[in-house]
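Okay, structure first, notes after.
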2 protein chains.
Amino acid sequence: MKKKLSEELQNIKKKIPKDETIYDLAELFKIFGDSTRTKILSCLSITKLNVSELAEILDMNMSAVSHQLRILRAAKLIKGEKAGKEVIYSLDDNHVMLIMECGLSHIDER
Amino acid sequence: MKKKLSEELQNIKKKIPKDETIYDLAELFKIFGDSTRTKILSCLSITKLNVSELAEILDMNMSAVSHQLRILRAAKLIKGEKAGKEVIYSLDDNHVMLIMECGLSHIDER
DNA sequence: TGAATATATGAAGACTTGTTCAACTATGAG
DNA sequence: CTCATAGTTGAACAAGTCTTCATATATTCA
């Protein structure tokens with residue numbers, strides 16, 4: 001049995017990001033892990049949009065969209081700007097599209 | 001009310017990736033959206049490891065690890081090579097670490 | 001002020017997911 | 001062949017998630 005020494009395994013443990021970082025990373029990806037949200041992000045990468053417009057594009061009711069917007073807002077991936085009765089949403093982070101494109105290039109290559 | 005024409009909204013719809021692609025993208029990110037799995041991927045980015053070794057590093061029982069390995073294998077992110085009684089796992093895709101690092105660079109900047 | 005519009009929110013329900021436990025397969029050692 | 005070890009798998013359960021519905025807030029307009 002060519003079992004690695006426990007000491008060697010401890011070294012691997014030291015080389016990977018620390019638990020908290022890995023947890024945060026998973027939390028971030030979890031947000032991208034819903035097609036409603038990725039669709040919203042895709043739309044907002046093209047132009048600013050208010051909730052009704054997003055709801056129309058996604059063909060969903062406003063409430064459902066609003067709930068997802070809240071999650072994206074909490075994660076600081078988008079921001080909402082109040083304009084009268086409307087709230088206009090836009091991307092709040094230049095990494096967002098980078099991460100999406102990373103994923104897309106993976107998908108393309110299969 | 002400065003409502004965008006529905007026609008204009010349809011144009012946005014045309015510009016974003018098609019539904020199937022967005023769905024696949026979300027499915028991919030869903031896989032990264034669990035800290036056990038991101039940890040496994042981190043470990044395998046350093047060296048090949050068998051199931052027992054992963055279980056020891058993660059401090060989890062083998063069954064739990066094996067279940068997650070199955071998901072990662074199904075997504076073609078890792079591959080398992082049988083070596084006697086053991087199965088040695090390694091990354092199966094050069095995008096994996098790219099995507100992880102994309103996410104990490106986002107986290108670092110807050 | 002009162003009605004209408006745009007958005008947000010809380011609770012409920014259906015659905016999904018991760019871990020545990022027990023049982024199973026497969027390989028190698030004696 | 002039999003036993004021990006490594007890994008996989010299925011069922012069950014708890015925990016979490018997404019959408020819907022009803023209601024609440026906020027802003028504009030008449």
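Letters for chains follow the order of the structure tokens (A, B, ...), residue numbers begin at 1 for each chain, and ligand numbers begin at 1 in the order shown.
The environment of DA4 of chain C within 12 Å, counting only C-alpha atoms (C1' of nucleotides) and disregarding residues fewer than 3 places along the same chain, consists of Lys85 of chain A; DT27, DT28, DC29 and DA30 of chain D.
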- Item | Picked from segment 56-98 of chain A by DSSP as strand (DSSP E or B), as an MDAnalysis selection string | chainID A and resid 78:83 86:91
- Message: Near chain C, meaning an atom within 12 Å, which residues of chain B appear when counting only C-alpha atoms (C1' of nucleotides)? Write them as a VMD selection string.
- Response: chain B and resid 1 3 30 to 31 33 to 37 60 to 68 71 82 to 87
List as CSV every residue of chain D that is in contact with chain A, defined as an atom at most 10 Å from one of its atoms (using only C-alpha atoms (C1' of nucleotides)), together with the nearest atom pair and the distance in Å rounded to one decimal, sorted by chain and then rising number.
residue,atom,partner,partner_atom,distance
D:DT5,C1',A:Met1,CA,9.8
D:DC18,C1',A:Ala64,CA,8.3
D:DT19,C1',A:Ala64,CA,6.3
D:DT20,C1',A:Ala64,CA,8.1
D:DC21,C1',A:Ser63,CA,9.6
D:DA26,C1',A:Lys85,CA,7.4
D:DT27,C1',A:Lys85,CA,5.2
D:DT28,C1',A:Lys85,CA,7.4
- Kindly determine which residues of chain B lie within 7 Å of chain A, considering only C-alpha atoms, and give the answer as an NGL selection string. :B and (9 or 12-13 or 16 or 22-23 or 25-27 or 29-30 or 32-35 or 38-39 or 42-43 or 57 or 95 or 99 or 102-104 or 106)
- Run DSSP on the backbone of this structure and report the residues of chain A it assigns to alpha helix (DSSP H), as an MDAnalysis selection string. chainID A and resid 6:15 19:32 35:46 51:58 62:74 95:108
